[in-house]
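Trainee: Here it is: the structure, laid out below.
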Amino acid sequence: MSNQIKQKRPKYTLEFKKDAAKLVIEKGYTHNQAADSLGISLSALGRWVRAERGPATSISAEKKSVLNLTDQTELIRLRKENEQLRMEREILKKAAVFFAKEVE
């Protein structure tokens, strides 16, 4: 690998994502027009629009659970919180073993 600087992906707020999707869904912008005017990638906008529209009626979409943007944000938050709680639990288990040995 070369010594290239890794570019950070921009972080967008939930409100921005919803507003961008509404441009396409409600205002009639094309995906290209909305992406160009907002300075975002076409693929990101497409994901946000699909998430806002909700699950499609096709068979493949029924098999796959599609979450809207609010649910996706909540799921990410809960996964982070769950991981934090697991780490804390493991630390407490180790501390309990340590102190149990110390008492004996």
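Identifiers for the structure tokens are assigned positionally: chains receive A, B, ... in sequence, residues are indexed from 1 per chain, and ligands are indexed from 1 in the order shown.
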When DSSP is applied to the backbone of this structure, which of chain A are assigned helix (DSSP H, G or I)? Write them out as a PyMOL selection string.
Mentor: chain A and resi 14-25+31-38+42-53+59-63+69-103
Trainee: Give me the residues near Val24 (chain A) as a PyMOL selection string, where near means some atom within 10 Å (using only C-alpha atoms) and where sequence neighbours in that chain fewer than 3 positions away do not count.
Mentor: chain A and resi 19-21+27-35+45-46+49
Trainee: Of the residues A:Lys94, A:Arg77, A:Lys6, A:Lys17, which is the one nearest to Leu38 (chain A), using only C-alpha atoms?
Mentor: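 Closest to Leu38 (chain A) of all the choices is A:Lys17.
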Trainee: Can you tell me how far CA of Trp48 (chain A) sits from CA of Leu69 (chain A), in Å to one decimal?
Mentor: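 Computing the Euclidean distance for CA of Trp48 (chain A) and CA of Leu69 (chain A) yields 7.1 Å.
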Trainee: Find, counting only C-alpha atoms, the residue in A:Gly54, A:Lys93, A:Ser41, A:Thr70 that gets nearest to Lys18 (chain A).
Mentor: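 Using only C-alpha atoms, Lys18 (chain A) sits closest to A:Thr70.
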Trainee: Calculate how many Å separate CA of Thr73 (chain A) from CA of Phe16 (chain A), rounding to one decimal.
Mentor: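 CA of Phe16 (chain A) lies 12.8 Å from CA of Thr73 (chain A).
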Trainee: Could you tell me how far CA of Ala44 (chain A) lies from CA of Asn68 (chain A), in Å and to one decimal?
Mentor: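 Computed distance, CA of Ala44 (chain A) to CA of Asn68 (chain A), equals 13.9 Å.
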